[in-house]
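What follows is the content of input00.cif (mmCIF, C-alpha atoms and all ligand atoms).
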```
data_target
#
loop_
_atom_site.label_atom_id
_atom_site.label_comp_id
_atom_site.auth_asym_id
_atom_site.auth_seq_id
_atom_site.Cartn_x
_atom_site.Cartn_y
_atom_site.Cartn_z
CA MET A 277 65.23 97.97 110.50
CA THR A 278 68.17 97.83 108.03
CA SER A 279 67.62 95.63 105.00
CA ALA A 280 69.92 92.67 104.25
CA ALA A 281 73.38 93.47 102.88
CA LEU A 282 73.79 93.60 99.11
CA GLN A 283 75.77 90.55 98.00
CA ILE A 284 78.95 90.64 95.89
CA GLN A 285 77.55 87.83 93.71
CA ASP A 286 74.92 90.24 92.43
CA TYR A 287 77.67 92.54 91.11
CA ALA A 288 79.92 89.93 89.51
CA LEU A 289 78.26 90.07 86.10
CA LEU A 290 77.82 93.84 85.93
CA GLU A 291 79.61 95.65 83.10
CA ASP A 292 82.34 98.07 84.19
CA GLU A 293 80.32 101.01 82.75
CA ASP A 294 77.31 100.11 84.91
CA CYS A 295 79.60 99.89 87.93
CA ASP A 296 80.97 103.35 87.09
CA THR A 297 77.51 104.89 87.14
CA ARG A 298 76.65 103.17 90.41
CA ILE A 299 80.00 104.07 92.04
CA ILE A 300 79.55 107.74 91.12
CA ALA A 301 75.97 107.77 92.44
CA ALA A 302 76.92 106.08 95.72
CA LYS A 303 79.89 108.42 96.18
CA GLU A 304 77.62 111.40 95.64
CA LYS A 305 75.18 110.11 98.23
CA LEU A 306 77.96 109.52 100.77
CA GLY A 307 79.64 112.89 100.12
CA ASP A 308 82.53 113.68 102.46
CA ARG A 309 81.57 110.81 104.79
CA CYS A 310 83.63 108.57 102.54
CA VAL A 311 87.11 108.89 101.07
CA ILE A 312 88.61 106.52 98.50
CA LEU A 313 92.39 106.02 98.60
CA GLY A 314 94.01 104.42 95.55
CA HIS A 315 97.50 102.96 95.30
CA HIS A 316 99.40 103.64 92.05
CA TYR A 317 99.24 99.93 91.13
CA GLN A 318 95.46 99.92 90.89
CA ARG A 319 94.00 99.35 87.46
CA ASP A 320 92.58 102.42 85.65
CA GLU A 321 88.94 101.34 86.07
CA VAL A 322 89.37 101.64 89.85
CA PHE A 323 92.11 104.28 90.07
CA LYS A 324 89.93 106.91 88.38
CA HIS A 325 87.48 106.80 91.32
CA ALA A 326 90.15 107.51 93.97
CA ASP A 327 89.97 110.83 95.83
CA PHE A 328 93.66 110.53 96.70
CA SER A 329 96.39 108.45 95.14
CA GLY A 330 99.96 107.86 96.23
CA ASP A 331 102.69 105.55 97.43
CA SER A 332 102.43 103.76 100.77
CA LEU A 333 103.86 106.68 102.77
CA LYS A 334 101.61 109.32 101.22
CA LEU A 335 98.51 107.15 101.56
CA SER A 336 99.27 106.43 105.25
CA ARG A 337 99.49 110.17 105.83
CA ASP A 338 96.25 110.71 103.86
CA ALA A 339 94.53 108.07 106.01
CA ALA A 340 95.88 109.62 109.25
CA GLU A 341 94.70 113.09 108.22
CA SER A 342 91.30 112.11 106.82
CA ASN A 343 88.13 113.18 108.59
CA ALA A 344 85.91 110.80 106.63
CA GLU A 345 83.78 108.27 108.47
CA TYR A 346 84.70 105.57 105.92
CA ILE A 347 88.19 105.09 104.44
CA VAL A 348 87.88 102.79 101.45
CA PHE A 349 91.36 101.53 100.59
CA CYS A 350 91.87 100.44 97.01
CA GLY A 351 95.19 98.76 97.68
CA VAL A 352 96.15 95.65 99.62
CA HIS A 353 95.41 94.31 103.10
CA PHE A 354 98.36 95.81 105.01
CA MET A 355 97.46 99.27 103.67
CA ALA A 356 93.91 99.06 105.03
CA GLU A 357 95.33 97.86 108.36
CA VAL A 358 97.56 100.94 108.48
CA ALA A 359 94.54 103.15 107.72
CA ASP A 360 92.64 101.53 110.60
CA ILE A 361 95.58 101.93 113.02
CA LEU A 362 96.26 105.56 112.14
CA SER A 363 92.67 106.78 111.93
CA ARG A 364 90.46 107.72 114.87
CA PRO A 365 88.54 104.89 116.61
CA GLU A 366 85.19 105.94 115.14
CA GLN A 367 86.51 105.87 111.56
CA ILE A 368 86.12 102.66 109.57
CA ALA A 369 88.72 101.24 107.17
CA ILE A 370 87.44 99.08 104.34
CA LEU A 371 89.19 96.81 101.84
CA PRO A 372 86.98 96.17 98.78
CA ASP A 373 88.27 92.60 98.30
CA MET A 374 89.40 90.75 101.42
CA ALA A 375 91.62 88.49 99.29
CA ALA A 376 93.80 91.44 98.20
CA GLY A 377 96.93 90.58 100.17
CA CYS A 378 100.63 91.07 99.43
CA SER A 379 102.72 87.98 98.73
CA MET A 380 105.83 89.70 100.07
CA ALA A 381 104.12 90.65 103.34
CA ASP A 382 103.20 86.97 103.74
CA MET A 383 106.88 85.97 103.65
CA ALA A 384 107.37 87.10 107.25
CA ASN A 385 105.12 86.11 110.10
CA LEU A 386 105.28 86.69 113.84
CA THR A 387 106.29 83.11 114.66
CA ASN A 388 109.31 83.23 112.35
CA VAL A 389 110.35 86.73 113.35
CA GLN A 390 110.06 85.91 117.06
CA ARG A 391 112.14 82.76 116.47
CA CYS A 392 114.77 84.83 114.70
CA TRP A 393 114.83 87.30 117.64
CA ASP A 394 115.20 84.41 120.11
CA GLU A 395 117.99 82.83 118.07
CA LEU A 396 119.81 86.15 117.83
CA SER A 397 119.58 86.34 121.64
CA GLN A 398 121.87 83.30 121.84
CA ILE A 399 124.66 85.36 120.27
CA LEU A 400 123.79 89.00 120.91
CA ASP A 401 121.69 91.13 123.20
CA PRO A 402 119.10 92.18 120.59
CA GLU A 403 117.28 94.60 122.91
CA ALA A 404 120.52 96.57 123.26
CA GLN A 405 122.10 95.91 119.87
CA VAL A 406 119.41 95.39 117.20
CA THR A 407 116.65 97.70 115.95
CA PRO A 408 113.87 95.78 114.21
CA ILE A 409 112.57 97.56 111.10
CA THR A 410 109.56 96.30 109.24
CA TYR A 411 108.77 97.45 105.74
CA ILE A 412 105.21 98.76 105.72
CA ASN A 413 104.40 95.75 103.48
CA SER A 414 103.83 93.53 106.53
CA ALA A 415 101.01 92.42 108.80
CA ALA A 416 99.99 94.54 111.80
CA ASP A 417 101.40 92.03 114.30
CA LEU A 418 104.89 92.54 112.87
CA LYS A 419 104.51 96.30 113.17
CA ALA A 420 103.45 95.68 116.77
CA PHE A 421 106.58 93.53 117.27
CA CYS A 422 108.67 96.52 116.17
CA GLY A 423 106.71 98.84 118.47
CA LYS A 424 107.34 96.51 121.42
CA HIS A 425 111.08 96.29 120.73
CA GLU A 426 111.73 100.01 120.18
CA GLY A 427 111.77 99.47 116.42
CA ILE A 428 110.07 101.25 113.55
CA VAL A 429 108.26 100.92 110.22
CA CYS A 430 109.66 102.15 106.90
CA THR A 431 108.37 102.56 103.36
CA SER A 432 110.24 102.58 100.09
CA SER A 433 110.41 106.38 100.17
CA ASN A 434 111.87 106.86 103.66
CA ALA A 435 113.98 103.70 104.15
CA GLN A 436 117.29 105.58 104.26
CA LYS A 437 116.12 108.06 106.91
CA ILE A 438 114.70 105.19 108.96
CA LEU A 439 117.97 103.24 108.76
CA GLU A 440 119.89 106.36 109.84
CA TRP A 441 117.51 106.81 112.78
CA SER A 442 117.96 103.15 113.73
CA PHE A 443 121.76 103.23 113.63
CA GLU A 444 121.72 106.22 115.98
CA LYS A 445 119.99 104.00 118.53
CA ARG A 446 121.68 100.62 118.07
CA GLU A 447 124.56 99.17 116.08
CA LYS A 448 122.57 96.60 114.06
CA VAL A 449 119.27 96.34 112.23
CA LEU A 450 116.97 93.40 111.58
CA PHE A 451 115.12 94.33 108.38
CA PHE A 452 112.03 92.43 107.19
CA PRO A 453 110.39 91.23 105.02
CA ASP A 454 112.03 92.66 101.86
CA GLN A 455 115.73 91.87 101.49
CA HIS A 456 116.04 94.04 98.36
CA LEU A 457 114.79 97.30 99.85
CA GLY A 458 117.12 96.76 102.82
CA ARG A 459 120.15 95.87 100.70
CA ASN A 460 119.64 98.59 98.09
CA THR A 461 119.20 101.25 100.76
CA GLY A 462 122.05 100.03 102.96
CA TYR A 463 124.45 99.96 100.00
CA ARG A 464 123.48 103.51 99.00
CA MET A 465 124.40 104.54 102.55
CA GLY A 466 127.87 103.04 102.12
CA ILE A 467 127.37 99.75 103.96
CA PRO A 468 129.41 97.02 102.17
CA LEU A 469 127.52 93.96 100.92
CA GLU A 470 129.52 91.68 103.28
CA GLU A 471 128.02 93.53 106.25
CA MET A 472 124.48 92.80 105.05
CA VAL A 473 123.67 89.14 105.60
CA THR A 474 120.52 87.33 104.52
CA TRP A 475 118.49 85.53 107.18
CA ASP A 476 116.98 82.39 105.66
CA PHE A 477 113.95 81.85 107.90
CA THR A 478 113.67 78.21 106.82
CA LYS A 479 117.04 77.36 108.45
CA PRO A 480 118.23 77.31 112.06
CA MET A 481 120.06 80.53 112.91
CA GLY A 482 118.98 81.85 109.51
CA GLY A 483 121.61 79.63 107.87
CA LEU A 484 124.32 82.01 109.16
CA THR A 485 127.43 81.47 111.25
CA GLU A 486 127.92 83.14 114.59
CA GLN A 487 130.71 85.24 113.09
CA GLN A 488 128.54 86.40 110.16
CA ILE A 489 125.89 87.56 112.61
CA ARG A 490 128.43 89.33 114.84
CA ASP A 491 129.97 91.13 111.82
CA ALA A 492 126.67 92.13 110.21
CA LYS A 493 125.29 95.65 110.32
CA ILE A 494 122.03 94.69 108.62
CA ILE A 495 120.34 91.30 108.90
CA LEU A 496 118.05 91.05 105.87
CA TRP A 497 115.00 88.81 105.90
CA LYS A 498 114.92 86.52 102.86
CA GLY A 499 111.67 87.96 101.48
CA PHE A 500 111.01 89.50 98.08
CA CYS A 501 108.25 90.77 95.84
CA SER A 502 107.11 88.30 93.21
CA VAL A 503 106.37 91.14 90.78
CA HIS A 504 109.68 93.00 91.09
CA GLN A 505 111.77 89.82 90.98
CA ILE A 506 110.94 89.40 87.28
CA PHE A 507 113.13 92.38 86.34
CA GLN A 508 116.62 91.26 85.31
CA PRO A 509 119.82 93.20 84.50
CA GLU A 510 119.77 91.60 81.01
CA HIS A 511 116.45 93.33 80.32
CA ILE A 512 118.20 96.66 80.84
CA ASP A 513 121.23 95.67 78.76
CA ARG A 514 119.12 94.51 75.82
CA PHE A 515 116.94 97.60 75.89
CA LEU A 516 119.95 99.93 76.04
CA GLU A 517 121.52 98.19 73.02
CA LYS A 518 118.45 99.18 71.03
CA TYR A 519 117.82 102.60 72.61
CA PRO A 520 121.08 103.79 74.25
CA GLU A 521 119.63 107.19 75.20
CA THR A 522 117.13 105.57 77.60
CA LYS A 523 116.97 106.53 81.28
CA VAL A 524 116.35 103.61 83.62
CA ILE A 525 114.30 103.93 86.80
CA SER A 526 113.43 101.14 89.24
CA HIS A 527 111.57 100.51 92.46
CA PRO A 528 113.89 99.49 95.34
CA GLU A 529 112.03 96.16 95.63
CA ALA A 530 113.90 95.18 92.45
CA SER A 531 117.15 93.23 92.86
CA PHE A 532 120.50 94.78 93.75
CA GLU A 533 121.84 94.11 90.22
CA VAL A 534 118.84 95.83 88.59
CA CYS A 535 119.03 98.84 90.92
CA GLN A 536 122.78 99.14 90.31
CA LYS A 537 122.10 99.40 86.58
CA SER A 538 119.36 102.00 87.06
CA ASP A 539 119.87 105.76 86.78
CA PHE A 540 117.25 106.33 89.48
CA VAL A 541 115.72 104.20 92.24
CA GLY A 542 112.63 105.28 94.13
CA SER A 543 109.13 104.66 95.41
CA THR A 544 106.13 104.67 93.09
CA GLU A 545 105.48 108.35 93.87
CA THR A 546 109.13 109.20 93.13
CA ILE A 547 109.09 107.27 89.84
CA LEU A 548 106.02 109.21 88.70
CA ARG A 549 107.52 112.55 89.71
CA ILE A 550 110.91 111.98 88.05
CA VAL A 551 109.45 110.75 84.76
CA LYS A 552 106.80 113.49 84.65
CA GLU A 553 109.40 116.20 85.37
CA SER A 554 111.84 114.89 82.73
CA GLU A 555 112.54 116.69 79.44
CA PRO A 556 110.01 116.21 76.61
CA GLY A 557 111.04 113.45 74.23
CA THR A 558 112.81 111.37 76.90
CA ARG A 559 112.69 107.57 76.77
CA TRP A 560 112.25 105.65 80.04
CA LEU A 561 112.60 102.02 81.05
CA VAL A 562 110.70 101.45 84.28
CA GLY A 563 111.12 98.55 86.71
CA THR A 564 107.86 98.53 88.59
CA GLU A 565 104.28 97.30 88.31
CA LEU A 566 102.59 97.26 84.90
CA ASN A 567 99.45 99.32 85.61
CA LEU A 568 101.56 102.22 86.87
CA VAL A 569 103.88 102.03 83.86
CA ASN A 570 101.06 101.87 81.30
CA ARG A 571 99.25 104.82 82.91
CA LEU A 572 102.47 106.84 83.08
CA HIS A 573 103.08 106.21 79.38
CA GLU A 574 99.57 107.44 78.53
CA GLN A 575 100.05 110.56 80.67
CA CYS A 576 103.44 111.41 79.13
CA LYS A 577 103.06 110.48 75.46
CA ASP A 578 101.76 113.95 74.49
CA GLN A 579 105.17 115.33 75.47
CA GLY A 580 106.82 112.82 73.15
CA LYS A 581 108.00 110.69 76.07
CA ASN A 582 108.13 106.93 75.75
CA VAL A 583 107.69 104.95 78.93
CA HIS A 584 108.43 101.21 78.69
CA PHE A 585 107.88 98.30 81.07
CA MET A 586 111.24 96.70 81.95
CA SER A 587 110.37 93.06 81.43
CA PRO A 588 109.52 91.51 78.05
CA THR A 589 106.91 89.37 79.84
CA VAL A 590 103.84 91.10 81.18
CA CYS A 591 103.42 90.84 84.94
CA MET A 592 101.15 92.80 87.22
CA CYS A 593 100.50 92.68 90.93
CA SER A 594 97.71 90.11 90.91
CA THR A 595 96.53 91.00 94.41
CA MET A 596 96.24 94.70 93.63
CA PHE A 597 94.34 93.62 90.53
CA ARG A 598 91.69 91.89 92.64
CA THR A 599 90.06 95.22 93.40
CA ASP A 600 87.72 95.74 90.49
CA PRO A 601 84.85 98.17 89.81
CA GLN A 602 82.38 95.43 90.83
CA HIS A 603 83.83 95.20 94.36
CA LEU A 604 84.04 98.97 94.65
CA ALA A 605 80.41 99.40 93.59
CA TRP A 606 79.37 96.69 96.08
CA ILE A 607 81.22 98.34 98.97
CA LEU A 608 79.94 101.84 98.23
CA GLU A 609 76.31 100.91 97.64
CA ASN A 610 76.27 99.06 100.95
CA LEU A 611 77.79 102.08 102.69
CA ALA A 612 75.28 104.40 101.03
CA GLU A 613 72.54 102.24 102.57
CA GLY A 614 74.18 102.38 106.00
CA ARG A 615 75.82 98.92 105.98
CA VAL A 616 79.54 98.30 106.44
CA VAL A 617 81.05 95.36 104.60
CA ASN A 618 84.71 94.26 104.56
CA GLN A 619 85.81 96.32 107.52
CA ILE A 620 89.49 95.90 108.49
CA LYS A 621 89.89 96.13 112.25
CA VAL A 622 93.20 95.52 113.98
CA GLU A 623 92.94 94.10 117.50
CA ALA A 624 93.40 96.85 120.14
CA GLU A 625 96.68 95.86 121.82
CA GLN A 626 98.29 95.01 118.50
CA ALA A 627 97.08 98.33 117.07
CA GLN A 628 98.53 100.24 120.02
CA TYR A 629 102.06 98.85 119.54
CA ALA A 630 101.86 98.98 115.75
CA LYS A 631 100.85 102.65 116.04
CA LYS A 632 103.93 103.30 118.16
CA ALA A 633 106.15 102.00 115.33
CA LEU A 634 104.15 103.84 112.66
CA ASP A 635 104.13 107.12 114.60
CA ALA A 636 107.89 106.83 115.03
CA MET A 637 108.14 106.59 111.23
CA LEU A 638 105.73 109.45 110.55
CA SER A 639 107.59 111.74 112.94
CA ILE A 640 110.82 111.36 110.94
P1 LIG A 701 105.31 102.24 97.26
O1 LIG A 701 105.30 102.62 98.70
O2 LIG A 701 106.52 102.72 96.54
O3 LIG A 701 104.06 102.70 96.58
O4 LIG A 701 105.40 100.67 97.13
C1 LIG A 701 104.40 99.82 97.61
C2 LIG A 701 104.51 98.50 97.04
O5 LIG A 701 103.85 97.57 97.43
C3 LIG A 701 105.47 98.30 95.97
O6 LIG A 701 105.39 97.00 95.55
FE1 LIG A 702 103.16 93.24 97.47
FE2 LIG A 702 104.77 93.13 95.35
FE3 LIG A 702 102.15 93.58 95.02
FE4 LIG A 702 103.76 95.46 96.09
S1 LIG A 702 103.83 94.66 94.00
S2 LIG A 702 101.72 94.85 96.83
S3 LIG A 702 105.17 94.16 97.27
S4 LIG A 702 103.10 91.71 95.84
#
```
Write the structure described by the file as structure tokens, please.
Amino acid sequence: MTSAALQIQDYALLEDEDCDTRIIAAKEKLGDRCVILGHHYQRDEVFKHADFSGDSLKLSRDAAESNAEYIVFCGVHFMAEVADILSRPEQIAILPDMAAGCSMADMANLTNVQRCWDELSQILDPEAQVTPITYINSAADLKAFCGKHEGIVCTSSNAQKILEWSFEKREKVLFFPDQHLGRNTGYRMGIPLEEMVTWDFTKPMGGLTEQQIRDAKIILWKGFCSVHQIFQPEHIDRFLEKYPETKVISHPEASFEVCQKSDFVGSTETILRIVKESEPGTRWLVGTELNLVNRLHEQCKDQGKNVHFMSPTVCMCSTMFRTDPQHLAWILENLAEGRVVNQIKVEAEQAQYAKKALDAMLSI
């Protein structure tokens, strides 16, 4: 008979150092039956225990290729859903804290997206004219929506290729939930701003006229990331006044104005690579999440590089931050004793269609 599950309350008051010892011991016991994936926004105390780290695209590939029985995802909810969808049926995806969501992902839901599709049908023939693209930062049912309507998923590192693929199939794209990734990528591809309209999901017909919809190449959902919206063009201007030699690099979830003022725009993995490969002594201003920026500064300071956070006010992804060593220790000690807690399981039909959209992305 298996004993009762260990409770998270019993871990809440543990010191981080005690958690470390217990995490290492449980990992050792589990061996290659368990793999820990860590997104770049995780805090150091958790990140150091990850077997693999990466951006959303790399981590989805790591999850798809893993042979481990348990995939523990130190990230947010949609990432663990992707791990469940892409892994084999007998593998188990786990999210250490069930409350670790993504506020941007929550800005689009199936009801609103379906309503948008229905409203577009009054003007266009969406099945023939519109490819739905969901950013990977979205719930599984929206990925399934894309799978059902011959659409696709994208991440911040492959958005351009995915848009190109989509325009080969149909003349227009409905892009959700992040307006900024869609706009920044579309503009880089030469699509004028006037041909990228914003669909306000709180208004009938997205608050757009029939003509605006007919003329649009990309219909952008009015979603955004609460972390990346704090970065402002003035932050760049002020910093450059003080340190004109600075290189600026931003995540494409930042606004159009911020990305236009940046020397480079890319996913978290790309930001890390470009800064790490830069000349010794370089100064960087980085428009993405604080934990990544602080860690990058620590890793690069020996080469005389200075890596600065773009905003004068400190702001981290609070949902990523929910995963702490206490939750990780709780998850792993339960697994080491043969009990699964916090499994993420996507319902079968939804998973099947979501996988179609994810596989389409991974094959590009
Ligand atoms: P990346 O895919 O670039 O890691 O981005 C994920 C994310 O949530 C950024 O906010
Ligand atoms: Fe979501 Fe923004 Fe956090 Fe990324 S940084 S997980 S988009 S809330």
Please tabulate, as JSON lines, the residues of range 357-445 of chain A that come within 10 Å of range 325-333 of chain A, each with its closest pair of atoms and the distance in Å to one decimal, counting all atoms listed in the file and ordering rows by chain, then residue number upward.
```
{"residue": "A:Val358", "atom": "CA", "partner": "A:Ser332", "partner_atom": "CA", "distance": 9.5}
{"residue": "A:Ile412", "atom": "CA", "partner": "A:Ser332", "partner_atom": "CA", "distance": 7.6}
{"residue": "A:Asn413", "atom": "CA", "partner": "A:Ser332", "partner_atom": "CA", "distance": 8.7}
{"residue": "A:Cys430", "atom": "CA", "partner": "A:Leu333", "partner_atom": "CA", "distance": 8.4}
{"residue": "A:Thr431", "atom": "CA", "partner": "A:Leu333", "partner_atom": "CA", "distance": 6.1}
{"residue": "A:Ser432", "atom": "CA", "partner": "A:Ser332", "partner_atom": "CA", "distance": 7.9}
{"residue": "A:Ser433", "atom": "CA", "partner": "A:Leu333", "partner_atom": "CA", "distance": 7.1}
{"residue": "A:Asn434", "atom": "CA", "partner": "A:Leu333", "partner_atom": "CA", "distance": 8.1}
```
> Any idea what the distance is between CA of His573 in chain A and CA of Lys303 in chain A?
Replying inline: 28.7 Å
>> Around ligand LIG 702 (chain A), which protein and nucleic acid residues have at least one atom no more than 12 Å from it, if we count only C-alpha atoms and all ligand atoms? List them as a ChimeraX atom specification.
In response: /A:315-318,331-332,350-355,376-383,411-415,431-432,453-457,499-506,527-530,543-544,563-568,591-598
>> Under the rule that only C-alpha atoms are counted, which of A:Leu400, A:Lys577, A:Pro372, A:Asn460 is the nearest residue to Ile284 in chain A?
In response: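 That would be A:Pro372, the residue with the smallest distance to Ile284 in chain A.
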>> Which residues are near Ala344 in chain A? Cut-off 8 Å, all atoms listed in the file, ignore same chain within fewer than 3 positions. Put them as a list in words.
In response: Asp308, Arg309, Cys310, Val311, Ile347 and Gln367 of chain A
> Could you pull the residues within 12 Å of range 474-485 of chain A, counting only C-alpha atoms, minus those fewer than 4 positions along the same chain, as a ChimeraX atom specification?
Replying inline: /A:383-399,449-456,458-459,469-470,489-500
Please write the residues from the selection above to a file, keeping C-alpha atoms, as a CSV table (one decimal), in the coordinates of the input.
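The new file result_22.csv reads:
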```csv
chain,number,residue,atom,x,y,z
A,383,MET,CA,106.9,86.0,103.6
A,384,ALA,CA,107.4,87.1,107.2
A,385,ASN,CA,105.1,86.1,110.1
A,386,LEU,CA,105.3,86.7,113.8
A,387,THR,CA,106.3,83.1,114.7
A,388,ASN,CA,109.3,83.2,112.4
A,389,VAL,CA,110.4,86.7,113.4
A,390,GLN,CA,110.1,85.9,117.1
A,391,ARG,CA,112.1,82.8,116.5
A,392,CYS,CA,114.8,84.8,114.7
A,393,TRP,CA,114.8,87.3,117.6
A,394,ASP,CA,115.2,84.4,120.1
A,395,GLU,CA,118.0,82.8,118.1
A,396,LEU,CA,119.8,86.2,117.8
A,397,SER,CA,119.6,86.3,121.6
A,398,GLN,CA,121.9,83.3,121.8
A,399,ILE,CA,124.7,85.4,120.3
A,449,VAL,CA,119.3,96.3,112.2
A,450,LEU,CA,117.0,93.4,111.6
A,451,PHE,CA,115.1,94.3,108.4
A,452,PHE,CA,112.0,92.4,107.2
A,453,PRO,CA,110.4,91.2,105.0
A,454,ASP,CA,112.0,92.7,101.9
A,455,GLN,CA,115.7,91.9,101.5
A,456,HIS,CA,116.0,94.0,98.4
A,458,GLY,CA,117.1,96.8,102.8
A,459,ARG,CA,120.2,95.9,100.7
A,469,LEU,CA,127.5,94.0,100.9
A,470,GLU,CA,129.5,91.7,103.3
A,489,ILE,CA,125.9,87.6,112.6
A,490,ARG,CA,128.4,89.3,114.8
A,491,ASP,CA,130.0,91.1,111.8
A,492,ALA,CA,126.7,92.1,110.2
A,493,LYS,CA,125.3,95.6,110.3
A,494,ILE,CA,122.0,94.7,108.6
A,495,ILE,CA,120.3,91.3,108.9
A,496,LEU,CA,118.0,91.0,105.9
A,497,TRP,CA,115.0,88.8,105.9
A,498,LYS,CA,114.9,86.5,102.9
A,499,GLY,CA,111.7,88.0,101.5
A,500,PHE,CA,111.0,89.5,98.1
```
Any chance you could work out the axis-aligned box around range 571-582 of chain A, listed atoms only, 3 Å on each side, giving centre and edge lengths in Å to one decimal, as JSON?
```
{"center_x": 103.7, "center_y": 110.1, "center_z": 78.1, "size_x": 14.9, "size_y": 16.5, "size_z": 15.9}
```
For range 330-373 of chain A versus range 609-614 of chain A, which residues have an atom no more than 12 Å away, and what is each residue's nearest atom pair and distance in Å rounded to one decimal, using all atoms listed in the file, chain-then-number order, as CSV?
```
residue,atom,partner,partner_atom,distance
A:Glu345,CA,A:Leu611,CA,10.4
A:Tyr346,CA,A:Leu611,CA,8.4
A:Ile347,CA,A:Leu611,CA,11.0
A:Val348,CA,A:Leu611,CA,10.2
A:Ile368,CA,A:Leu611,CA,10.8
A:Ala369,CA,A:Leu611,CA,11.8
A:Ile370,CA,A:Leu611,CA,10.2
A:Pro372,CA,A:Asn610,CA,11.3
```
>> For a test of reading the model, state the distance in Å between CA of Leu418 in chain A and CA of Ala630 in chain A, rounded to one decimal.
In response: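 Here the two named atoms are 7.7 Å from each other.
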> Nearest to ligand LIG 701 (chain A): which of A:Glu447, A:Val616, A:Lys552, A:Leu335 is it, counting all atoms listed in the file?
Replying inline: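 The closest residue to ligand LIG 701 (chain A) is A:Leu335.
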